[in-house]
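Peer 1: What follows is the file input-v3.txt, containing compact mmCIF, C-alpha atoms:
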```txt
# COMPACT_ATOMS: atom_id res chain seq x y z
CA THR P 1 -67.47 44.38 -21.31
CA ASP P 2 -63.97 43.99 -22.78
CA GLY P 3 -65.03 41.18 -25.15
CA THR P 4 -63.09 38.44 -23.37
CA LEU P 5 -64.70 35.08 -22.66
CA TRP P 6 -64.46 33.27 -19.33
CA THR P 7 -65.68 29.87 -18.16
CA TRP P 8 -65.52 27.51 -15.19
CA GLY P 9 -66.84 24.10 -14.23
CA THR P 10 -65.58 20.54 -14.04
CA THR P 11 -61.84 21.22 -14.01
CA SER P 12 -61.89 24.70 -12.46
CA ASN P 13 -64.04 26.27 -9.76
CA THR P 14 -62.77 29.74 -10.64
CA PRO P 15 -63.18 31.63 -13.95
CA VAL P 16 -60.57 30.84 -16.63
CA GLN P 17 -60.20 32.92 -19.80
CA ILE P 18 -60.86 31.13 -23.10
CA GLY P 19 -58.00 32.12 -25.41
CA SER P 20 -56.95 35.74 -25.74
CA SER P 21 -59.64 37.06 -28.11
CA THR P 22 -61.42 40.26 -27.16
CA ASP P 23 -64.17 40.09 -29.77
CA TRP P 24 -66.73 37.66 -28.31
CA ALA P 25 -70.32 38.90 -28.72
CA SER P 26 -72.66 36.16 -27.40
CA ILE P 27 -72.60 32.68 -25.92
CA ALA P 28 -74.96 29.73 -25.32
CA GLY P 29 -74.34 26.77 -23.03
CA GLY P 30 -75.71 23.31 -23.80
CA GLY P 31 -75.28 20.01 -22.02
CA TYR P 32 -71.48 19.79 -21.58
CA PHE P 33 -70.72 22.05 -24.58
CA ASN P 34 -70.74 25.72 -25.56
CA LEU P 35 -71.40 27.88 -28.61
CA ALA P 36 -70.20 31.44 -29.06
CA ILE P 37 -70.37 34.15 -31.72
CA LYS P 38 -67.66 36.72 -32.30
CA THR P 39 -68.41 40.31 -33.33
CA ASN P 40 -67.60 39.41 -36.96
CA GLY P 41 -70.42 36.81 -37.00
CA THR P 42 -68.21 33.72 -36.85
CA LEU P 43 -69.56 30.81 -34.82
CA TRP P 44 -67.30 28.77 -32.53
CA ALA P 45 -67.98 25.66 -30.42
CA TRP P 46 -66.20 23.48 -27.84
CA GLY P 47 -66.86 20.75 -25.28
CA ALA P 48 -68.58 17.36 -25.56
CA ASN P 49 -69.38 16.25 -29.11
CA GLY P 50 -70.59 12.65 -28.90
CA ASP P 51 -73.77 13.50 -30.83
CA GLY P 52 -72.22 16.02 -33.24
CA GLN P 53 -73.52 18.99 -31.24
CA LEU P 54 -70.44 21.09 -32.01
CA GLY P 55 -71.14 20.98 -35.75
CA ASP P 56 -67.51 20.53 -36.86
CA GLY P 57 -68.16 17.37 -38.90
CA THR P 58 -66.75 15.05 -36.23
CA PHE P 59 -67.86 13.36 -33.04
CA LEU P 60 -64.65 14.35 -31.20
CA ASP P 61 -64.74 16.37 -27.99
CA ARG P 62 -62.95 19.73 -28.31
CA HIS P 63 -61.18 21.45 -25.42
CA GLN P 64 -60.72 24.76 -27.24
CA PRO P 65 -63.10 26.73 -29.48
CA VAL P 66 -63.23 25.47 -33.08
CA PHE P 67 -64.62 27.46 -36.01
CA ILE P 68 -68.03 26.26 -37.23
CA ASP P 69 -69.60 28.84 -39.58
CA ASN P 70 -69.89 32.49 -40.71
CA GLU P 71 -72.62 35.15 -40.68
CA CYS P 72 -74.34 33.96 -37.49
CA GLU P 73 -76.55 36.37 -35.57
CA SER P 74 -78.08 34.25 -32.84
CA ILE P 75 -77.52 30.84 -31.25
CA ASP P 76 -79.00 28.53 -28.66
CA ALA P 77 -78.03 25.13 -27.33
CA GLY P 78 -80.15 22.24 -26.08
CA ARG P 79 -79.03 19.20 -24.16
CA GLU P 80 -77.10 17.73 -27.13
CA PHE P 81 -78.00 19.86 -30.14
CA SER P 82 -77.48 23.37 -31.48
CA LEU P 83 -79.47 26.05 -33.31
CA ALA P 84 -78.31 29.15 -35.17
CA ILE P 85 -79.88 31.92 -37.21
CA LYS P 86 -77.71 33.51 -39.88
CA SER P 87 -77.81 37.13 -41.03
CA ASP P 88 -80.06 36.17 -43.97
CA GLY P 89 -82.71 34.74 -41.58
CA SER P 90 -81.93 31.13 -42.38
CA LEU P 91 -82.23 28.65 -39.52
CA TRP P 92 -79.57 25.97 -39.09
CA ALA P 93 -79.46 23.02 -36.68
CA TRP P 94 -77.19 20.08 -35.82
CA GLY P 95 -76.36 17.52 -33.13
CA GLY P 96 -78.33 14.83 -31.32
CA ASN P 97 -81.63 14.13 -33.02
CA SER P 98 -83.18 11.17 -31.19
CA GLN P 99 -86.43 13.09 -30.66
CA GLY P 100 -86.37 15.09 -33.91
CA GLN P 101 -85.04 18.20 -32.14
CA VAL P 102 -82.78 19.13 -35.08
CA GLY P 103 -85.85 19.44 -37.32
CA SER P 104 -84.26 17.82 -40.38
CA GLY P 105 -87.15 15.44 -41.14
CA SER P 106 -85.16 12.45 -39.90
CA TRP P 107 -84.13 10.99 -36.54
CA GLU P 108 -80.39 10.75 -37.32
CA ASN P 109 -77.75 12.80 -35.52
CA GLN P 110 -76.22 15.56 -37.64
CA ASN P 111 -72.56 16.52 -37.10
CA LEU P 112 -72.66 19.44 -39.54
CA PRO P 113 -75.09 22.38 -39.61
CA ILE P 114 -78.05 21.77 -41.95
CA GLN P 115 -80.50 24.40 -43.08
CA ILE P 116 -83.99 23.98 -41.62
CA GLY P 117 -85.74 26.96 -43.17
CA LEU P 118 -85.81 30.66 -44.01
CA SER P 119 -87.23 33.87 -42.53
CA TYR P 120 -86.57 33.13 -38.84
CA SER P 121 -86.05 35.86 -36.26
CA SER P 122 -85.73 34.07 -32.91
CA ILE P 123 -84.86 30.60 -31.57
CA SER P 124 -85.01 28.73 -28.30
CA ALA P 125 -83.62 25.28 -27.61
CA GLY P 126 -85.23 23.17 -24.89
CA GLY P 127 -83.73 19.98 -23.52
CA LEU P 128 -84.94 17.86 -26.47
CA HIS P 129 -87.19 20.24 -28.42
CA SER P 130 -86.88 23.48 -30.39
CA LEU P 131 -89.00 26.60 -30.80
CA ALA P 132 -88.60 29.34 -33.38
CA LEU P 133 -90.35 32.51 -34.48
CA LYS P 134 -90.52 33.48 -38.12
CA THR P 135 -90.41 37.08 -39.29
CA ASP P 136 -94.18 36.90 -40.04
CA GLY P 137 -94.87 36.27 -36.33
CA THR P 138 -95.68 32.57 -36.63
CA LEU P 139 -94.40 30.19 -33.95
CA TRP P 140 -92.92 26.83 -34.96
CA ALA P 141 -91.89 23.86 -32.81
CA TRP P 142 -90.33 20.41 -33.24
CA GLY P 143 -88.66 17.61 -31.30
CA SER P 144 -89.77 15.83 -28.14
CA ASN P 145 -93.43 16.24 -27.28
CA THR P 146 -93.75 13.66 -24.49
CA PHE P 147 -95.29 16.22 -22.13
CA GLY P 148 -96.97 18.41 -24.77
CA GLN P 149 -94.10 20.90 -24.79
CA LEU P 150 -94.58 21.64 -28.51
CA GLY P 151 -98.03 23.08 -27.83
CA ASN P 152 -99.69 21.50 -30.87
CA GLY P 153 -102.39 19.64 -28.93
CA ASP P 154 -100.89 16.13 -28.96
CA PHE P 155 -98.00 14.15 -27.49
CA VAL P 156 -96.30 13.02 -30.73
CA ASN P 157 -92.64 13.87 -31.37
CA GLN P 158 -92.08 15.94 -34.52
CA ASP P 159 -88.96 15.58 -36.70
CA LYS P 160 -89.55 18.83 -38.61
CA PRO P 161 -91.02 22.21 -37.73
CA VAL P 162 -94.80 22.38 -37.27
CA ARG P 163 -96.69 25.66 -37.05
CA ILE P 164 -98.08 26.24 -33.57
CA PHE P 165 -99.41 29.77 -33.67
CA HIS P 166 -100.27 32.35 -36.29
CA PRO P 167 -101.02 35.91 -35.10
```
Before we go any further, please render this structure as structure tokens.
Peer 2:
Amino acid sequence: TDGTLWTWGTTSNTPVQIGSSTDWASIAGGGYFNLAIKTNGTLWAWGANGDGQLGDGTFLDRHQPVFIDNECESIDAGREFSLAIKSDGSLWAWGGNSQGQVGSGSWENQNLPIQIGLSYSSISAGGLHSLALKTDGTLWAWGSNTFGQLGNGDFVNQDKPVRIFHP
């Protein structure tokens, strides 16, 4: 409740404070990396970065939070990729993209955030797939579809968002 951020895991089995900031607002944990938003809307990331999942333009692991972007309202993290919605409703994604989970229309890893679309209100990152709601209530999905997790009636991976449901 005091806005501090704490973590634990591989090198510590007890909580350890991350820096001294007291303005953390939300956090998302991926596979060996983390994303967090401060109250001013800035996005920060740290941890493993072999697929560019931190979004800092490198593939270097980071042991402390590094600044990624501004005006972020919501985030989620998959196994090796990241999603964010900015205050203008734009959806951004980056990181590992072997199954199309970034939604960029390619299969290449992205080490910087790229805009996927506009008018999004909610996101959810699966292990290797993504789901998002637009402000008009439509549901969109992309990425791995090996087990039909996209819900579009087939088992074909999608490298860009496909509409699943329209209310």
Peer 1: Excluding Ser26 in chain P and residues on its chain fewer than 2 positions from it, collect all residues at most 12 Å away from it, counting all atoms listed in the file, and give them as a ChimeraX atom specification.
Peer 2: /P:1,3-6,22-24,28-29,34-45,72-76,84
Peer 1: I'd like to know which of P:Phe155, P:Phe147, P:Trp140, P:Trp92 is closest to Ala77 in chain P, using only C-alpha atoms.
Peer 2: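 Result for the nearest residue to Ala77 in chain P: P:Trp92.
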Peer 1: Quick one: of P:Gly30, P:Gly143, P:Gly9, P:Gly19, who's nearest to Gly100 in chain P, counting only C-alpha atoms?
Peer 2: P:Gly143
Peer 1: I'd like a table as CSV: residues in range 23-89 of chain P with an atom no more than 6 Å from range 105-126 of chain P, each row giving the shortest atom pair and its distance in Å to one decimal, only C-alpha atoms counted, sorted by chain and rising residue number.
Peer 2:
```
residue,atom,partner,partner_atom,distance
P:Gly52,CA,P:Asn111,CA,3.9
P:Gly55,CA,P:Leu112,CA,4.4
P:Asp56,CA,P:Leu112,CA,5.9
P:Gly57,CA,P:Asn111,CA,4.8
P:Asp76,CA,P:Ala125,CA,5.7
P:Ala77,CA,P:Ala125,CA,5.6
P:Gly78,CA,P:Ala125,CA,4.9
P:Gly89,CA,P:Ser119,CA,4.7
```
Peer 1: Would you work out the distance separating CA of Glu71 in chain P from CA of Lys86 in chain P, expressed in Å to one decimal?
Peer 2: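 Separating CA of Glu71 in chain P from CA of Lys86 in chain P is a distance of 5.4 Å.
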Peer 1: What does the distance from CA of Asn145 in chain P to CA of Asn157 in chain P come to in Å, to one decimal?
Peer 2: 4.8 Å
Peer 1: What is the distance between CA of Leu83 in chain P and CA of Leu54 in chain P, in Å to one decimal?
Peer 2: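 Between CA of Leu83 in chain P and CA of Leu54 in chain P the gap works out to 10.4 Å.
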Peer 1: Using only C-alpha atoms, which of the listed residues (P:Ile18, P:Leu91, P:Ile27, P:Leu150) sits closest to Val162 in chain P?
Peer 2: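 When distances to Val162 in chain P are compared using only C-alpha atoms, the smallest one comes from P:Leu150.
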